[in-house]
Amino acid sequence: MKLASRMAKIKPSPTLAITAKAQALRAQGRNIIGFGAGEPDFDTPDNIKAAAVDAIRRGFTKYTPVGGTDELKDAIRAKLKRDNGLEYDRSEIVVSCGAKHTLFNLLQVLFEEGDEVLIPSPCWVSYPDMVLLSGATPVILETKESEGFKADPGLLRSKIGAKTRAIILNSPSNPTGAAYTREELSALASVILEGKIIVISDDIYEKIVYDGFQFADIASVRPDLRPFTVVVNGVSKSYSMTGWRIGYAAGDREIISAVTGFQSQNTSNPTSISQAAAVEALNGDQSSLGIMVEEFRRRRDFMVEGLDGIPGMSCLRPQGAFYAFPNIAGLIGRSKGGRAIRGSGDLAEYLLDEVDVAVVPGLPFGSDSHIRLSYATSMANIQEGLKRIKHAISLLK
Ligand code: PMP
Ligand code: GLU
């Protein structure tokens, strides 16, 4: 079958592929411990579910305005004002089917052949492919582990050229957990303003931060950047609502109107019932969030310590999100019975085959000397998984 040539530019999402593979192996009876896709293992809070049930009961089951209901836009506006110190009106907000959809739509309406989009790396697997699908070229800013995997103003300045249109900032980061302080954001903002480029600020892990870290949005740190910033966020991670598919963008009216028009020719509105639930998530009781984040912190500490203690591995302590991103450089070149570990893909395959543990190779995130493990899974799984990884690695000579 002849497929469109754009399909040759991209690969299926590796995070979702690993998760599907782990599920398929479980169905065959294998006892797989999954550290694959980043998805909170907590149930969606009851007050949010009740709002969805109520929406169904009252017949709120029809098309809504393409870019989301006024009620949800107002809940998002209130959230952005309360949490981020950012004020928008309804025409500056669009709601889509998950933040992934929001980002895809944004890149489609903003960029085309000849444009360059900067992406600090390691980065979420979907950014480069989504940029490629828009026709633009992803330009990777390689950050250093020794600098906490953060882009600095010098690195950013060195990559801004005549074709540069935007930078995608993700703090806290998937996969590294690196989170930018106000001072760091302010320094980057100066270079962004000088370069006259747009910032797409993916704040999806904003609420999942540890050790008293204060999340800040670049547009609130530097209000002069607000006209050039599009904030992207959603309810998937903060409210354990990955399956409900609600994400949103806030920014320049012209951009938001273009996204809404684009969306009117693909999905139309996000699910009406999920929108009603998202209103409750944003406006309702926030107590489950604190409980979830405290549990993630406990797991992070346990997992990072465990990984860091395995000979051949070292692991930075993430400041946010729910991923550990250990360095595996010390394992490259080792082997077991003729099976050599030449990079992150080999190690991920080895762990799956040898001890039934699913991790994501670092390569699609931008580093072949790391692997990613999501700790959004039970402490029991983490304990058992670490034990198995330690054993498998002890067999590598
Ligand atoms: N951005 C980042 C960095 C992510 O890790 C994810 C995870 N899926 C998303 C955006 C999209 O989330 P969702 O589509 O579930 O809102
Ligand atoms: N963002 C999560 C992850 O990185 C969910 C899967 C995906 O959409 O990539 O694992």
# chains A, B, ... in the order shown; residues from 1 in each chain; ligands from 1

call {"tool": "residues_near_ligand", "arguments": {"ligand": "ligand 2", "cutoff": "9 Å", "atoms": "only C-alpha atoms and all ligand atoms", "output": "ChimeraX atom specification"}}
result
/A:13-17,19,36-39,100,124-126,174-175,237,242,323,360,374

call {"tool": "write_last_selection", "arguments": {"atoms": "all heavy atoms", "output": "compact mmCIF listing (two decimals), in the first residue's frame"}}
result
# COMPACT_ATOMS: atom_id res chain seq x y z
N SER A 13 4.84 6.22 18.58
CA SER A 13 5.36 6.66 19.89
C SER A 13 6.00 5.50 20.65
O SER A 13 5.33 4.51 20.95
CB SER A 13 4.20 7.24 20.71
OG SER A 13 4.61 7.34 22.06
N PRO A 14 7.30 5.59 20.95
CA PRO A 14 7.98 4.48 21.64
C PRO A 14 7.47 4.24 23.06
O PRO A 14 7.46 3.11 23.52
CB PRO A 14 9.45 4.92 21.67
CG PRO A 14 9.56 6.08 20.76
CD PRO A 14 8.21 6.68 20.63
N THR A 15 7.01 5.31 23.73
CA THR A 15 6.51 5.12 25.10
C THR A 15 5.24 4.27 25.08
O THR A 15 5.05 3.37 25.89
CB THR A 15 6.20 6.49 25.75
OG1 THR A 15 5.41 7.24 24.84
CG2 THR A 15 7.46 7.24 26.08
N LEU A 16 4.39 4.58 24.10
CA LEU A 16 3.14 3.82 24.00
C LEU A 16 3.41 2.42 23.47
O LEU A 16 2.75 1.46 23.87
CB LEU A 16 2.14 4.57 23.10
CG LEU A 16 1.72 5.95 23.63
CD1 LEU A 16 0.79 6.66 22.65
CD2 LEU A 16 1.02 5.83 24.99
N ALA A 17 4.42 2.29 22.59
CA ALA A 17 4.75 0.97 22.04
C ALA A 17 5.24 0.02 23.13
O ALA A 17 4.83 -1.14 23.19
CB ALA A 17 5.81 1.12 20.95
N THR A 19 4.57 0.17 26.30
CA THR A 19 3.44 -0.15 27.18
C THR A 19 2.55 -1.22 26.55
O THR A 19 2.11 -2.16 27.21
CB THR A 19 2.64 1.13 27.46
OG1 THR A 19 3.59 2.10 27.90
CG2 THR A 19 1.62 0.93 28.55
N GLY A 36 6.90 1.64 31.84
CA GLY A 36 6.80 2.26 30.52
C GLY A 36 6.12 3.62 30.53
O GLY A 36 6.69 4.59 31.03
N ALA A 37 4.91 3.70 29.96
CA ALA A 37 4.28 5.01 29.77
C ALA A 37 4.04 5.73 31.08
O ALA A 37 3.73 5.12 32.10
CB ALA A 37 2.95 4.86 29.04
N GLY A 38 4.19 7.02 31.03
CA GLY A 38 3.98 7.86 32.20
C GLY A 38 2.51 8.13 32.40
O GLY A 38 1.92 8.96 31.72
N GLU A 39 1.94 7.39 33.32
CA GLU A 39 0.51 7.51 33.56
C GLU A 39 0.27 7.24 35.04
O GLU A 39 0.59 6.14 35.52
CB GLU A 39 -0.19 6.47 32.69
CG GLU A 39 -1.59 6.18 33.06
CD GLU A 39 -2.34 5.46 31.97
OE1 GLU A 39 -1.92 4.34 31.64
OE2 GLU A 39 -3.34 6.00 31.48
N LYS A 100 -1.40 16.41 24.07
CA LYS A 100 -0.71 15.94 22.86
C LYS A 100 -1.40 16.48 21.62
O LYS A 100 -0.77 16.98 20.69
CB LYS A 100 -0.73 14.40 22.85
CG LYS A 100 0.19 13.77 21.85
CD LYS A 100 0.05 12.25 21.92
CE LYS A 100 1.36 11.57 22.24
NZ LYS A 100 1.22 10.12 22.38
N TRP A 124 10.69 14.87 25.46
CA TRP A 124 9.60 13.92 25.24
C TRP A 124 9.63 13.42 23.79
O TRP A 124 9.83 14.22 22.87
CB TRP A 124 8.26 14.59 25.55
CG TRP A 124 7.06 13.71 25.38
CD1 TRP A 124 6.97 12.39 25.68
CD2 TRP A 124 5.78 14.11 24.89
NE1 TRP A 124 5.70 11.93 25.41
CE2 TRP A 124 4.94 12.97 24.92
CE3 TRP A 124 5.24 15.32 24.43
CZ2 TRP A 124 3.62 13.00 24.51
CZ3 TRP A 124 3.92 15.35 24.02
CH2 TRP A 124 3.12 14.20 24.07
N VAL A 125 9.44 12.13 23.62
CA VAL A 125 9.58 11.48 22.31
C VAL A 125 8.73 12.10 21.21
O VAL A 125 9.09 12.01 20.03
CB VAL A 125 9.22 9.98 22.41
CG1 VAL A 125 10.24 9.23 23.24
CG2 VAL A 125 7.82 9.77 23.01
N SER A 126 7.61 12.72 21.57
CA SER A 126 6.69 13.18 20.53
C SER A 126 7.03 14.55 19.94
O SER A 126 6.54 14.88 18.86
CB SER A 126 5.25 13.20 21.07
OG SER A 126 4.81 11.87 21.27
N ASN A 174 9.82 15.77 30.93
CA ASN A 174 9.75 14.35 30.59
C ASN A 174 10.84 14.17 29.54
O ASN A 174 10.75 14.81 28.50
CB ASN A 174 8.37 14.04 30.01
CG ASN A 174 8.25 12.62 29.50
OD1 ASN A 174 9.16 11.83 29.65
ND2 ASN A 174 7.13 12.32 28.87
N PRO A 175 11.91 13.44 29.77
CA PRO A 175 12.07 12.36 30.72
C PRO A 175 12.97 12.67 31.94
O PRO A 175 13.13 11.80 32.78
CB PRO A 175 12.79 11.32 29.88
CG PRO A 175 13.75 12.15 29.05
CD PRO A 175 13.00 13.41 28.74
N LYS A 237 -2.16 14.41 33.93
CA LYS A 237 -1.19 14.01 34.95
C LYS A 237 -1.61 14.47 36.34
O LYS A 237 -1.52 13.70 37.30
CB LYS A 237 0.19 14.58 34.61
CG LYS A 237 0.60 14.44 33.15
CD LYS A 237 0.93 13.03 32.70
CE LYS A 237 1.23 12.99 31.21
NZ LYS A 237 1.61 11.72 30.70
N THR A 242 -5.69 10.50 32.40
CA THR A 242 -5.07 10.27 31.09
C THR A 242 -6.07 9.80 30.03
O THR A 242 -5.94 10.15 28.87
CB THR A 242 -3.94 9.23 31.22
OG1 THR A 242 -4.41 8.15 32.02
CG2 THR A 242 -2.71 9.82 31.86
N TYR A 323 9.45 10.43 36.43
CA TYR A 323 10.36 9.57 35.68
C TYR A 323 11.76 9.61 36.30
O TYR A 323 12.23 10.67 36.71
CB TYR A 323 10.49 10.06 34.23
CG TYR A 323 9.16 10.23 33.54
CD1 TYR A 323 8.63 11.49 33.31
CD2 TYR A 323 8.44 9.11 33.11
CE1 TYR A 323 7.41 11.65 32.67
CE2 TYR A 323 7.21 9.26 32.48
CZ TYR A 323 6.69 10.54 32.27
OH TYR A 323 5.48 10.69 31.64
N VAL A 360 11.81 2.19 29.08
CA VAL A 360 11.87 2.81 27.75
C VAL A 360 13.33 3.18 27.46
O VAL A 360 13.99 3.81 28.30
CB VAL A 360 10.98 4.08 27.67
CG1 VAL A 360 10.82 4.52 26.23
CG2 VAL A 360 9.62 3.85 28.31
N SER A 374 9.27 5.00 34.53
CA SER A 374 8.21 5.77 35.18
C SER A 374 7.98 5.19 36.57
O SER A 374 7.83 3.98 36.72
CB SER A 374 6.93 5.67 34.36
OG SER A 374 5.84 6.07 35.15

call {"tool": "residues_around", "arguments": {"residues": "A:Ile310", "least_positions_apart": "5", "cutoff": "12 Å", "atoms": "only C-alpha atoms", "output": "list of chain:residue names"}}
result
A:Met303, A:Val304, A:Glu305, A:Cys315, A:Pro326, A:Asn327, A:Ile328, A:Gly330, A:Leu331, A:Leu386, A:Lys387, A:Arg388, A:Ile389, A:Lys390, A:His391, A:Ala392, A:Ile393, A:Ser394

call {"tool": "write_last_selection", "arguments": {"atoms": "all heavy atoms", "output": "compact mmCIF listing (two decimals), in the first residue's frame"}}
result
# COMPACT_ATOMS: atom_id res chain seq x y z
N MET A 303 13.23 4.83 44.29
CA MET A 303 13.70 4.37 42.98
C MET A 303 15.06 4.95 42.62
O MET A 303 15.96 4.24 42.17
CB MET A 303 12.70 4.72 41.89
CG MET A 303 13.08 4.14 40.56
SD MET A 303 11.80 4.43 39.35
CE MET A 303 11.41 2.77 38.86
N VAL A 304 15.23 6.24 42.86
CA VAL A 304 16.49 6.89 42.49
C VAL A 304 17.64 6.30 43.30
O VAL A 304 18.70 5.99 42.77
CB VAL A 304 16.38 8.43 42.67
CG1 VAL A 304 17.74 9.09 42.60
CG2 VAL A 304 15.45 9.01 41.63
N GLU A 305 17.38 6.11 44.58
CA GLU A 305 18.42 5.52 45.43
C GLU A 305 18.77 4.11 44.96
O GLU A 305 19.94 3.75 44.85
CB GLU A 305 17.91 5.47 46.86
CG GLU A 305 18.96 5.78 47.88
CD GLU A 305 18.30 5.97 49.23
OE1 GLU A 305 17.78 7.08 49.48
OE2 GLU A 305 18.29 4.99 49.99
N CYS A 315 22.06 7.86 38.81
CA CYS A 315 20.76 8.48 38.55
C CYS A 315 20.63 9.82 39.24
O CYS A 315 20.78 9.91 40.47
CB CYS A 315 19.65 7.53 39.03
SG CYS A 315 18.02 8.04 38.51
N PRO A 326 18.09 7.14 34.57
CA PRO A 326 19.46 6.78 34.96
C PRO A 326 20.42 6.69 33.79
O PRO A 326 20.04 6.29 32.69
CB PRO A 326 19.29 5.40 35.62
CG PRO A 326 18.04 4.85 35.03
CD PRO A 326 17.15 6.03 34.77
N ASN A 327 21.66 7.06 34.07
CA ASN A 327 22.74 6.94 33.10
C ASN A 327 23.24 5.50 33.12
O ASN A 327 23.51 4.94 34.18
CB ASN A 327 23.87 7.91 33.51
CG ASN A 327 24.97 7.98 32.48
OD1 ASN A 327 25.41 6.96 31.96
ND2 ASN A 327 25.40 9.19 32.17
N ILE A 328 23.32 4.91 31.93
CA ILE A 328 23.72 3.49 31.84
C ILE A 328 25.04 3.33 31.10
O ILE A 328 25.39 2.23 30.65
CB ILE A 328 22.62 2.66 31.12
CG1 ILE A 328 22.30 3.26 29.73
CG2 ILE A 328 21.36 2.60 31.98
CD1 ILE A 328 21.91 2.27 28.69
N GLY A 330 27.94 3.08 31.99
CA GLY A 330 28.84 2.08 32.58
C GLY A 330 28.48 0.64 32.19
O GLY A 330 29.26 -0.28 32.48
N LEU A 331 27.33 0.46 31.58
CA LEU A 331 26.93 -0.90 31.20
C LEU A 331 27.18 -1.19 29.72
O LEU A 331 27.12 -2.35 29.29
CB LEU A 331 25.44 -1.12 31.49
CG LEU A 331 25.02 -0.89 32.95
CD1 LEU A 331 23.50 -0.98 33.09
CD2 LEU A 331 25.70 -1.93 33.83
N LEU A 386 13.14 -3.21 40.82
CA LEU A 386 14.54 -2.87 41.10
C LEU A 386 15.35 -4.13 41.43
O LEU A 386 16.50 -4.27 41.00
CB LEU A 386 14.62 -1.89 42.28
CG LEU A 386 14.31 -0.43 41.96
CD1 LEU A 386 14.35 0.41 43.23
CD2 LEU A 386 15.28 0.14 40.93
N LYS A 387 14.71 -5.03 42.17
CA LYS A 387 15.40 -6.28 42.52
C LYS A 387 15.76 -7.05 41.24
O LYS A 387 16.88 -7.52 41.07
CB LYS A 387 14.46 -7.12 43.41
CG LYS A 387 15.17 -8.07 44.32
CD LYS A 387 14.25 -8.56 45.43
CE LYS A 387 13.33 -9.66 44.87
NZ LYS A 387 12.30 -10.11 45.78
N ARG A 388 14.80 -7.09 40.33
CA ARG A 388 15.03 -7.83 39.08
C ARG A 388 16.11 -7.15 38.22
O ARG A 388 16.95 -7.81 37.62
CB ARG A 388 13.74 -7.91 38.27
CG ARG A 388 12.66 -8.75 38.93
CD ARG A 388 11.53 -8.93 37.93
NE ARG A 388 10.31 -9.42 38.55
CZ ARG A 388 9.19 -9.65 37.89
NH1 ARG A 388 9.12 -9.41 36.59
NH2 ARG A 388 8.12 -10.09 38.49
N ILE A 389 16.05 -5.82 38.15
CA ILE A 389 17.04 -5.09 37.33
C ILE A 389 18.45 -5.33 37.90
O ILE A 389 19.40 -5.62 37.17
CB ILE A 389 16.73 -3.57 37.29
CG1 ILE A 389 15.41 -3.32 36.56
CG2 ILE A 389 17.85 -2.78 36.63
CD1 ILE A 389 14.91 -1.88 36.61
N LYS A 390 18.54 -5.24 39.21
CA LYS A 390 19.83 -5.43 39.86
C LYS A 390 20.38 -6.83 39.52
O LYS A 390 21.56 -6.99 39.18
CB LYS A 390 19.63 -5.30 41.38
CG LYS A 390 20.87 -4.94 42.12
CD LYS A 390 20.52 -4.57 43.55
CE LYS A 390 21.80 -4.34 44.30
NZ LYS A 390 21.58 -3.92 45.66
N HIS A 391 19.51 -7.81 39.61
CA HIS A 391 19.93 -9.18 39.31
C HIS A 391 20.38 -9.29 37.84
O HIS A 391 21.47 -9.82 37.56
CB HIS A 391 18.77 -10.15 39.60
CG HIS A 391 19.03 -11.53 39.11
ND1 HIS A 391 20.02 -12.33 39.67
CD2 HIS A 391 18.49 -12.26 38.09
CE1 HIS A 391 20.05 -13.48 39.02
NE2 HIS A 391 19.14 -13.46 38.06
N ALA A 392 19.57 -8.77 36.92
CA ALA A 392 19.90 -8.88 35.49
C ALA A 392 21.24 -8.21 35.21
O ALA A 392 22.06 -8.73 34.44
CB ALA A 392 18.80 -8.24 34.64
N ILE A 393 21.48 -7.08 35.85
CA ILE A 393 22.71 -6.34 35.57
C ILE A 393 23.92 -7.06 36.18
O ILE A 393 25.01 -7.06 35.60
CB ILE A 393 22.56 -4.88 36.02
CG1 ILE A 393 21.65 -4.21 34.98
CG2 ILE A 393 23.90 -4.15 36.13
CD1 ILE A 393 21.26 -2.83 35.22
N SER A 394 23.68 -7.76 37.29
CA SER A 394 24.80 -8.51 37.89
C SER A 394 25.25 -9.65 36.98
O SER A 394 26.36 -10.14 37.11
CB SER A 394 24.40 -9.05 39.26
OG SER A 394 23.51 -10.14 39.09

call {"tool": "residues_around", "arguments": {"residues": "A:Ser367", "least_positions_apart": "4", "cutoff": "10 Å", "atoms": "only C-alpha atoms", "output": "PyMOL selection string"}}
result
chain A and resi 121-123+142+325+327+343-344+361-363+371

call {"tool": "write_last_selection", "arguments": {"atoms": "N, CA and C atoms", "output": "PDB file, in the first residue's frame"}}
result
ATOM      1  N   SER A 121      17.057  18.932  24.736  1.00  0.00           N
ATOM      2  CA  SER A 121      17.032  17.481  24.797  1.00  0.00           C
ATOM      3  C   SER A 121      17.931  17.017  25.936  1.00  0.00           C
ATOM      4  N   PRO A 122      17.635  15.884  26.585  1.00  0.00           N
ATOM      5  CA  PRO A 122      16.584  14.918  26.334  1.00  0.00           C
ATOM      6  C   PRO A 122      15.176  15.548  26.418  1.00  0.00           C
ATOM      7  N   CYS A 123      14.310  15.060  25.545  1.00  0.00           N
ATOM      8  CA  CYS A 123      12.959  15.619  25.454  1.00  0.00           C
ATOM      9  C   CYS A 123      11.934  14.503  25.268  1.00  0.00           C
ATOM     10  N   GLU A 142      21.309  20.176  22.846  1.00  0.00           N
ATOM     11  CA  GLU A 142      21.753  19.093  23.733  1.00  0.00           C
ATOM     12  C   GLU A 142      22.194  19.621  25.076  1.00  0.00           C
ATOM     13  N   PHE A 325      15.690   8.797  35.145  1.00  0.00           N
ATOM     14  CA  PHE A 325      16.393   8.743  33.850  1.00  0.00           C
ATOM     15  C   PHE A 325      17.851   8.392  34.128  1.00  0.00           C
ATOM     16  N   ASN A 327      21.661   7.059  34.075  1.00  0.00           N
ATOM     17  CA  ASN A 327      22.742   6.942  33.102  1.00  0.00           C
ATOM     18  C   ASN A 327      23.236   5.496  33.123  1.00  0.00           C
ATOM     19  N   GLY A 343      23.720  -0.266  23.579  1.00  0.00           N
ATOM     20  CA  GLY A 343      23.037   1.013  23.787  1.00  0.00           C
ATOM     21  C   GLY A 343      21.762   0.800  24.580  1.00  0.00           C
ATOM     22  N   SER A 344      20.953   1.867  24.684  1.00  0.00           N
ATOM     23  CA  SER A 344      19.766   1.816  25.554  1.00  0.00           C
ATOM     24  C   SER A 344      18.719   0.829  25.055  1.00  0.00           C
ATOM     25  N   PRO A 361      13.854   2.793  26.276  1.00  0.00           N
ATOM     26  CA  PRO A 361      15.225   3.192  25.935  1.00  0.00           C
ATOM     27  C   PRO A 361      15.342   4.719  25.894  1.00  0.00           C
ATOM     28  N   GLY A 362      16.533   5.231  26.220  1.00  0.00           N
ATOM     29  CA  GLY A 362      16.727   6.681  26.218  1.00  0.00           C
ATOM     30  C   GLY A 362      16.844   7.269  24.817  1.00  0.00           C
ATOM     31  N   LEU A 363      17.224   6.438  23.850  1.00  0.00           N
ATOM     32  CA  LEU A 363      17.520   6.971  22.506  1.00  0.00           C
ATOM     33  C   LEU A 363      16.401   7.845  21.920  1.00  0.00           C
ATOM     34  N   ILE A 371      18.219   5.229  30.233  1.00  0.00           N
ATOM     35  CA  ILE A 371      16.916   4.600  30.039  1.00  0.00           C
ATOM     36  C   ILE A 371      15.912   5.373  30.887  1.00  0.00           C
TER      37      ILE A 371
END

call {"tool": "closest_atom_pairs", "arguments": {"of": "chain A", "to": "ligand 1", "cutoff": "7 Å", "atoms": "only C-alpha atoms and all ligand atoms", "output": "JSON lines"}}
result
{"residue": "A:Gly38", "atom": "CA", "partner": "ligand 1", "partner_atom_place_in_ligand_line": "7 (C)", "distance": 6.6}
{"residue": "A:Gly98", "atom": "CA", "partner": "ligand 1", "partner_atom_place_in_ligand_line": "16 (O)", "distance": 3.7}
{"residue": "A:Ala99", "atom": "CA", "partner": "ligand 1", "partner_atom_place_in_ligand_line": "16 (O)", "distance": 3.5}
{"residue": "A:Lys100", "atom": "CA", "partner": "ligand 1", "partner_atom_place_in_ligand_line": "14 (O)", "distance": 3.8}
{"residue": "A:His101", "atom": "CA", "partner": "ligand 1", "partner_atom_place_in_ligand_line": "14 (O)", "distance": 6.2}
{"residue": "A:Trp124", "atom": "CA", "partner": "ligand 1", "partner_atom_place_in_ligand_line": "3 (C)", "distance": 5.4}
{"residue": "A:Asn170", "atom": "CA", "partner": "ligand 1", "partner_atom_place_in_ligand_line": "3 (C)", "distance": 6.2}
{"residue": "A:Ser173", "atom": "CA", "partner": "ligand 1", "partner_atom_place_in_ligand_line": "3 (C)", "distance": 6.4}
{"residue": "A:Asn174", "atom": "CA", "partner": "ligand 1", "partner_atom_place_in_ligand_line": "3 (C)", "distance": 5.0}
{"residue": "A:Asp202", "atom": "CA", "partner": "ligand 1", "partner_atom_place_in_ligand_line": "1 (N)", "distance": 6.0}
{"residue": "A:Ile204", "atom": "CA", "partner": "ligand 1", "partner_atom_place_in_ligand_line": "1 (N)", "distance": 5.7}
{"residue": "A:Gly234", "atom": "CA", "partner": "ligand 1", "partner_atom_place_in_ligand_line": "16 (O)", "distance": 5.1}
{"residue": "A:Val235", "atom": "CA", "partner": "ligand 1", "partner_atom_place_in_ligand_line": "16 (O)", "distance": 6.5}
{"residue": "A:Ser236", "atom": "CA", "partner": "ligand 1", "partner_atom_place_in_ligand_line": "15 (O)", "distance": 4.8}
{"residue": "A:Thr242", "atom": "CA", "partner": "ligand 1", "partner_atom_place_in_ligand_line": "15 (O)", "distance": 4.9}
{"residue": "A:Arg245", "atom": "CA", "partner": "ligand 1", "partner_atom_place_in_ligand_line": "15 (O)", "distance": 6.1}
{"residue": "A:Ile246", "atom": "CA", "partner": "ligand 1", "partner_atom_place_in_ligand_line": "16 (O)", "distance": 6.1}
{"residue": "A:Gly247", "atom": "CA", "partner": "ligand 1", "partner_atom_place_in_ligand_line": "16 (O)", "distance": 5.0}

call {"tool": "write_last_selection", "arguments": {"atoms": "C-alpha atoms", "output": "PDB file, in the first residue's frame"}}
result
ATOM      1  CA  GLY A  38       3.975   7.859  32.196  1.00  0.00           C
ATOM      2  CA  GLY A  98      -5.344  15.930  25.441  1.00  0.00           C
ATOM      3  CA  ALA A  99      -2.229  18.117  25.566  1.00  0.00           C
ATOM      4  CA  LYS A 100      -0.709  15.937  22.860  1.00  0.00           C
ATOM      5  CA  HIS A 101      -3.516  16.979  20.523  1.00  0.00           C
ATOM      6  CA  TRP A 124       9.598  13.915  25.242  1.00  0.00           C
ATOM      7  CA  ASN A 170       8.984  21.503  29.143  1.00  0.00           C
ATOM      8  CA  SER A 173      10.743  17.704  31.964  1.00  0.00           C
ATOM      9  CA  ASN A 174       9.753  14.353  30.595  1.00  0.00           C
ATOM     10  CA  ASP A 202       4.433  22.614  28.057  1.00  0.00           C
ATOM     11  CA  ILE A 204       1.791  19.373  31.938  1.00  0.00           C
ATOM     12  CA  GLY A 234      -4.017  19.496  30.639  1.00  0.00           C
ATOM     13  CA  VAL A 235      -5.648  17.375  33.294  1.00  0.00           C
ATOM     14  CA  SER A 236      -4.044  13.998  32.457  1.00  0.00           C
ATOM     15  CA  THR A 242      -5.069  10.271  31.090  1.00  0.00           C
ATOM     16  CA  ARG A 245      -8.327  13.329  26.882  1.00  0.00           C
ATOM     17  CA  ILE A 246      -8.514  16.998  27.867  1.00  0.00           C
ATOM     18  CA  GLY A 247      -5.666  19.417  27.157  1.00  0.00           C
TER      19      GLY A 247
END

call {"tool": "closest_residue", "arguments": {"among": "A:Lys62, A:Arg339, A:Lys49, A:Lys397", "to": "A:Pro270", "atoms": "only C-alpha atoms"}}
result
A:Lys62

call {"tool": "atom_distance", "arguments": {"atom1": "atom CA of A:Ile76", "atom2": "atom CA of A:Leu282"}}
result
7.1 Å

call {"tool": "decode", "arguments": {"residues": "stretch 219-232 of chain A", "atoms": "N, CA, C and O atoms", "output": "compact mmCIF listing (two decimals), in the first residue's frame"}}
result
# COMPACT_ATOMS: atom_id res chain seq x y z
N ALA A 219 6.02 32.96 31.11
CA ALA A 219 5.27 34.18 30.77
C ALA A 219 4.91 34.99 32.01
O ALA A 219 4.64 36.19 31.91
N SER A 220 4.89 34.35 33.18
CA SER A 220 4.61 35.14 34.38
C SER A 220 5.92 35.68 34.97
O SER A 220 5.94 36.75 35.57
N VAL A 221 7.02 34.95 34.76
CA VAL A 221 8.32 35.44 35.23
C VAL A 221 8.70 36.68 34.43
O VAL A 221 9.23 37.65 34.96
N ARG A 222 8.43 36.63 33.13
CA ARG A 222 8.76 37.77 32.25
C ARG A 222 7.52 38.18 31.46
O ARG A 222 7.30 37.70 30.34
N PRO A 223 6.70 39.06 32.04
CA PRO A 223 5.43 39.44 31.38
C PRO A 223 5.64 39.98 29.97
O PRO A 223 4.74 39.88 29.13
N ASP A 224 6.83 40.53 29.66
CA ASP A 224 7.04 41.03 28.29
C ASP A 224 7.06 39.88 27.27
O ASP A 224 6.96 40.11 26.07
N LEU A 225 7.17 38.64 27.78
CA LEU A 225 7.18 37.48 26.88
C LEU A 225 5.76 36.92 26.67
O LEU A 225 5.54 36.08 25.80
N ARG A 226 4.81 37.40 27.46
CA ARG A 226 3.47 36.83 27.38
C ARG A 226 2.88 36.83 25.97
O ARG A 226 2.32 35.81 25.53
N PRO A 227 3.02 37.91 25.18
CA PRO A 227 2.43 37.88 23.83
C PRO A 227 3.06 36.81 22.93
O PRO A 227 2.48 36.45 21.92
N PHE A 228 4.25 36.35 23.28
CA PHE A 228 4.95 35.38 22.42
C PHE A 228 4.97 33.98 23.03
O PHE A 228 5.71 33.12 22.60
N THR A 229 4.18 33.79 24.09
CA THR A 229 4.15 32.49 24.78
C THR A 229 2.81 31.81 24.57
O THR A 229 1.77 32.46 24.68
N VAL A 230 2.85 30.54 24.26
CA VAL A 230 1.62 29.75 24.29
C VAL A 230 1.81 28.72 25.40
O VAL A 230 2.74 27.91 25.36
N VAL A 231 0.94 28.78 26.39
CA VAL A 231 0.98 27.84 27.51
C VAL A 231 0.15 26.61 27.12
O VAL A 231 -0.97 26.75 26.65
N VAL A 232 0.75 25.43 27.32
CA VAL A 232 0.02 24.19 27.06
C VAL A 232 -0.06 23.42 28.38
O VAL A 232 0.93 23.33 29.11
